[in-house]
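Text of the file run.txt, holding compact mmCIF, C-alpha atoms:
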# COMPACT_ATOMS: atom_id res chain seq x y z
CA MET A 1 0.00 0.00 0.00
CA ILE A 2 1.34 3.37 -1.02
CA ASP A 3 1.77 5.84 1.87
CA GLY A 4 0.37 3.35 4.33
CA ASP A 5 1.29 0.20 6.18
CA ILE A 6 -0.71 -2.78 4.90
CA ASN A 7 -0.37 -4.68 8.19
CA GLU A 8 -1.66 -1.73 10.17
CA PHE A 9 -4.43 -1.19 7.63
CA ILE A 10 -5.65 -4.78 8.00
CA ASN A 11 -5.41 -4.51 11.77
CA ASP A 12 -7.52 -1.35 11.65
CA LEU A 13 -10.09 -3.08 9.43
CA HIS A 14 -10.78 -5.46 12.31
CA TYR A 15 -11.62 -2.56 14.59
CA GLY A 16 -13.78 -0.67 12.10
CA ILE A 17 -11.58 2.40 12.04
CA ASP A 18 -12.47 4.92 9.33
CA LEU A 19 -9.92 4.40 6.56
CA TYR A 20 -9.58 5.84 3.08
CA VAL A 21 -7.77 4.67 -0.03
CA ARG A 22 -7.46 6.01 -3.54
CA PHE A 23 -7.49 3.47 -6.36
CA ASN A 24 -8.05 3.86 -10.11
CA GLY A 25 -9.24 7.44 -9.69
CA ASN A 26 -11.79 6.61 -6.99
CA THR A 27 -11.62 7.24 -3.23
CA TYR A 28 -13.08 4.51 -1.05
CA SER A 29 -13.93 4.75 2.65
CA PHE A 30 -13.82 1.73 4.93
CA GLN A 31 -15.49 1.46 8.32
CA GLY A 32 -17.04 -1.09 10.60
CA TRP A 33 -19.10 -1.39 13.75
CA ASP A 34 -20.13 -3.91 16.38
CA GLU A 35 -23.63 -4.86 17.50
CA GLY A 36 -23.34 -7.50 20.18
CA GLU A 37 -21.33 -10.32 18.64
CA MET A 38 -22.01 -9.18 15.10
CA HIS A 39 -19.59 -7.04 13.15
CA THR A 40 -20.38 -5.15 9.96
CA MET A 41 -17.93 -3.81 7.41
CA LEU A 42 -19.00 -1.09 5.00
CA ILE A 43 -17.09 0.31 2.03
CA LEU A 44 -18.36 3.35 0.14
CA LYS A 45 -17.05 4.84 -3.06
CA GLU A 46 -16.95 8.46 -1.93
CA LYS A 47 -15.18 10.20 -4.80
CA PRO A 48 -15.94 11.13 -7.44
CA LEU A 49 -19.48 11.97 -6.38
CA PRO A 50 -22.10 10.63 -6.04
CA VAL A 51 -21.27 8.50 -3.02
CA GLU A 52 -22.18 4.88 -3.73
CA ASP A 53 -22.34 1.71 -1.67
CA PHE A 54 -19.48 -0.56 -2.72
CA TYR A 55 -19.43 -3.43 -0.24
CA LYS A 56 -21.26 -4.39 2.95
CA PHE A 57 -20.96 -7.57 4.93
CA THR A 58 -22.09 -8.62 8.40
CA ALA A 59 -20.72 -11.65 10.24
CA LYS A 60 -20.36 -13.03 13.72
CA GLY A 61 -17.09 -11.57 14.87
CA ARG A 62 -14.52 -9.24 13.41
CA ASN A 63 -12.23 -11.95 12.06
CA GLU A 64 -14.95 -13.66 10.05
CA CYS A 65 -16.03 -10.34 8.62
CA VAL A 66 -12.54 -9.37 7.53
CA ASN A 67 -11.76 -12.86 6.26
CA GLU A 68 -14.83 -12.77 4.03
CA PHE A 69 -13.83 -9.36 2.74
CA MET A 70 -10.39 -10.71 1.88
CA LYS A 71 -11.99 -13.36 -0.36
CA ALA A 72 -14.24 -10.90 -2.21
CA LYS A 73 -13.17 -9.99 -5.75
CA LEU A 74 -14.23 -6.37 -5.63
CA TRP A 75 -11.68 -4.59 -7.76
CA ASP A 76 -11.71 -5.61 -11.44
CA GLY A 77 -12.23 -9.21 -10.38
CA LYS A 78 -9.34 -9.07 -7.94
CA THR A 79 -9.17 -9.29 -4.18
CA PHE A 80 -7.99 -6.55 -1.88
CA MET A 81 -4.65 -8.25 -1.33
CA GLU A 82 -4.11 -8.53 -5.08
CA VAL A 83 -4.54 -4.78 -5.59
CA GLU A 84 -3.48 -3.23 -2.28
CA LYS A 85 0.02 -2.43 -3.59
CA PHE A 86 -1.61 -0.13 -6.16
CA MET A 87 -3.79 1.61 -3.57
CA THR A 88 -2.77 4.85 -1.89
CA GLN A 89 -3.91 5.40 1.66
CA VAL A 90 -5.17 8.95 2.16
CA ASP A 91 -6.46 10.98 5.08
CA CYS A 92 -10.03 11.38 3.84
CA MET B 93 0.69 7.64 21.26
CA GLY B 94 0.37 3.94 20.85
CA GLY B 95 -2.94 2.20 20.52
CA ARG B 96 -4.74 -0.97 21.43
CA GLY B 97 -1.83 -2.22 23.46
CA THR B 98 1.16 -1.39 21.29
CA PHE B 99 4.27 -1.39 23.42
CA ALA B 100 7.17 0.91 22.85
CA ALA B 101 9.13 0.75 26.11
CA GLY B 102 12.86 0.85 25.53
CA LYS B 103 12.51 1.49 21.82
CA ILE B 104 12.96 4.62 19.79
CA VAL B 105 9.58 5.31 18.23
CA LYS B 106 9.15 7.71 15.31
CA TYR B 107 6.81 10.59 15.88
CA ALA B 108 3.48 9.64 14.33
CA TYR B 109 1.66 12.98 14.53
CA PHE B 110 2.27 16.66 14.60
CA THR B 111 0.04 19.49 15.77
CA ILE B 112 -0.96 21.81 12.95
CA GLY B 113 -3.07 24.10 15.10
CA THR B 114 -5.77 24.24 17.71
CA ILE B 115 -9.53 24.83 17.65
CA GLU B 116 -10.90 26.18 20.93
CA GLY B 117 -7.93 24.67 22.76
CA VAL B 118 -8.15 21.23 21.14
CA LYS B 119 -5.13 20.12 19.12
CA VAL B 120 -5.60 19.60 15.40
CA LEU B 121 -3.34 16.72 14.39
CA ALA B 122 -1.89 15.53 11.12
CA GLY B 123 -0.23 12.17 10.66
CA LEU B 124 3.40 11.47 9.85
CA ASN B 125 5.03 8.40 8.37
CA GLY B 126 1.89 7.08 6.72
CA ARG B 127 -0.47 7.72 9.67
CA HIS B 128 -3.91 8.69 8.42
CA LYS B 129 -6.08 8.59 11.53
CA LEU B 130 -6.20 10.06 14.99
CA PRO B 131 -4.53 8.19 17.87
CA GLU B 132 -6.28 5.33 19.63
CA GLU B 133 -4.98 6.64 22.95
CA ALA B 134 -4.34 10.14 24.23
CA HIS B 135 -1.38 11.22 26.28
CA SER B 136 -1.72 14.80 27.38
CA SER B 137 -5.02 15.82 25.79
CA TYR B 138 -8.62 14.77 26.28
CA ALA B 139 -9.43 15.26 22.59
CA TYR B 140 -7.92 15.63 19.14
CA ILE B 141 -9.33 16.93 15.86
CA ARG B 142 -8.57 16.05 12.25
CA LEU B 143 -9.56 18.25 9.33
CA GLU B 144 -10.21 17.65 5.64
CA PRO B 145 -7.57 19.04 3.25
CA ASP B 146 -9.80 22.10 2.68
CA GLY B 147 -9.89 22.81 6.43
CA THR B 148 -13.39 21.45 7.07
CA PHE B 149 -13.95 19.42 10.22
CA HIS B 150 -13.60 15.69 9.60
CA GLU B 151 -13.29 13.95 12.94
CA MET B 152 -12.86 14.54 16.66
CA ARG B 153 -11.89 11.87 19.13
CA ILE B 154 -12.60 12.24 22.85
CA TYR B 155 -10.69 10.23 25.45
CA ASP B 156 -11.40 9.43 29.09
CA LYS B 157 -9.28 10.17 32.16
CA ASP B 158 -7.34 6.95 31.59
CA HIS B 159 -6.55 8.03 28.01
CA PHE B 160 -8.86 5.47 26.38
CA LEU B 161 -10.81 6.47 23.30
CA ARG B 162 -14.48 6.76 24.34
CA PHE B 163 -16.23 8.43 21.45
CA GLU B 164 -15.71 9.90 18.04
CA ILE B 165 -17.61 12.64 16.25
CA ALA B 166 -17.31 12.58 12.48
CA TYR B 167 -18.60 14.30 9.36
CA HIS B 168 -18.85 12.05 6.35
CA PRO B 169 -21.49 9.95 4.56
CA GLU B 170 -23.37 7.44 6.72
CA PRO B 171 -26.00 5.60 4.63
CA SER B 172 -27.69 4.24 7.76
CA LEU B 173 -28.45 7.81 8.88
CA ASP B 174 -28.89 9.57 5.56
CA PRO B 175 -29.82 7.49 2.49
CA SER B 176 -28.86 10.42 0.24
CA ARG B 177 -25.26 9.66 1.25
CA ARG B 178 -24.37 13.27 1.80
CA LYS B 179 -22.04 14.09 4.64
CA ILE B 180 -23.77 14.01 8.00
CA LEU B 181 -22.65 14.75 11.53
CA HIS B 182 -22.73 11.62 13.68
CA TRP B 183 -20.93 9.89 16.51
CA HIS B 184 -19.63 6.46 17.49
CA VAL B 185 -19.04 5.09 21.00
CA TYR B 186 -16.04 2.87 21.81
CA ASP B 187 -15.78 0.51 24.74
CA ARG B 188 -12.59 -0.49 26.53
CA ASN B 189 -12.16 -3.44 24.14
CA PHE B 190 -12.19 -0.99 21.25
CA LYS B 191 -15.63 -2.17 20.10
CA ARG B 192 -17.21 0.53 18.01
CA SER B 193 -20.92 1.31 17.88
CA GLN B 194 -22.90 1.96 14.75
CA ALA B 195 -23.15 5.61 13.76
CA MET B 196 -25.71 7.61 15.73
CA PRO B 197 -27.14 11.03 14.93
CA MET B 198 -26.00 13.85 17.19
CA SER B 199 -28.64 15.36 19.44
CA ARG B 200 -29.27 19.09 19.48
CA ALA B 201 -27.61 19.24 22.90
CA MET B 202 -24.49 17.55 21.56
CA ILE B 203 -24.34 19.87 18.59
CA ARG B 204 -24.69 22.86 20.90
CA HIS B 205 -21.86 21.53 23.05
CA PHE B 206 -19.47 20.68 20.22
CA LYS B 207 -20.49 23.36 17.71
CA LYS B 208 -17.39 25.44 18.34
CA TYR B 209 -15.16 22.64 17.03
CA LEU B 210 -17.19 21.86 13.89
CA LYS B 211 -15.32 24.12 11.53
CA GLY B 212 -16.95 24.40 8.11
CA VAL B 213 -19.83 22.00 8.79
CA SER B 214 -22.96 23.07 6.92
CA ARG B 215 -26.17 23.80 8.74
CA TYR B 216 -28.01 21.25 6.63
CA ASP B 217 -26.49 18.58 8.80
CA ARG B 218 -28.92 19.57 11.53
CA ARG B 219 -31.77 17.93 9.65
CA GLY B 220 -33.21 14.89 11.36
CA HIS B 221 -31.55 15.58 14.68
CA LYS B 222 -33.60 14.92 17.80
Hey, can you dump this file as structure tokens for me?
Amino acid sequence: MIDGDINEFINDLHYGIDLYVRFNGNTYSFQGWDEGEMHTMLILKEKPLPVEDFYKFTAKGRNECVNEFMKAKLWDGKTFMEVEKFMTQVDC
Amino acid sequence: MGGRGTFAAGKIVKYAYFTIGTIEGVKVLAGLNGRHKLPEEAHSSYAYIRLEPDGTFHEMRIYDKDHFLRFEIAYHPEPSLDPSRRKILHWHVYDRNFKRSQAMPMSRAMIRHFKKYLKGVSRYDRRGHK
């Protein structure tokens, strides 16, 4: 990941921290939240406008949620780990 | 400023943040060395603020007396609160295990209390508040 630490990014995904990356001209926001044992991850395409839902998944526990996300082929048929080196982490 | 149990005793740790200003006495931080978020723990302050590149309020984190993150006020799209997906003021609560609540709308009382920190936030964000 450009201008970011991929290990820290993945760690933060587990906690639902607001994170932003730029990829292929789009800016995506990542966040998550807990409701009891359930954890939800939400990714929005925020820029360019309009803001659009990109990915949402709810699972029992943070690990399961992030693991499922890691399997999803969201970016041109590729997984996050296959494209993360081309992503730039940004402030917002 | 570590976070979630990171341990730096005896090691030289690079500075991760610098203060770019203050708003009503609260430090406005920017990250260094690839840091793009506010600290998970506070040392000397009870709160920190982060701004968008254009200077608009983006996020404020408030910490308890033991330096744990307790809640976060933010200004960005939250589809669960505003289906139009425009930016909306909201807040999240954190527990001591760093579990984060779903976004909640800010009450009028909260907005009154925190208004002085919400630099550049449009009035339209007041819609729907209790």
10 Å contacts from chain A to chain B using only C-alpha atoms, as a PyMOL selection string: chain A and resi 1-5+8-9+14-20+29+31-36+39-40+42+44+46+49-53+62+89-92
Starting from the point (-6.7, -8.9, -1.2), work out which residues of protein, DNA or RNA have an atom no more than 12 Å away when counting only C-alpha atoms; state them as a ChimeraX atom specification. /A:1,6,9-10,66-87
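Of note, atom CA of Val213 of chain B and atom CA of Asp174 of chain B are spaced 15.7 Å apart.
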Separating atom CA of Ala201 of chain B from atom CA of Thr111 of chain B, to the nearest tenth of an Å, is a gap of 28.6 Å
Atom CA of Tyr138 of chain B to atom CA of Val120 of chain B, straight-line distance in Å: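 The value is 12.3 Å.
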Would you list the residues near (-14.2, 10.0, 18.6) (no more than 6 Å away, in the coordinates of the file, using all atoms listed in the file) as a list in words?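 Taken together, the residues in range are Met152, Arg153, Ile154, Phe163, Glu164 and Ile165 of chain B.
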Find the smallest box with edges along x, y and z containing every listed atom of segment 119-131 of chain B, then add 5 Å on each side and report centre and edge lengths in Å to one decimal, as AutoDock Vina command-line options.
--center_x -0.6 --center_y 13.6 --center_z 12.9 --size_x 21.2 --size_y 23.0 --size_z 22.4
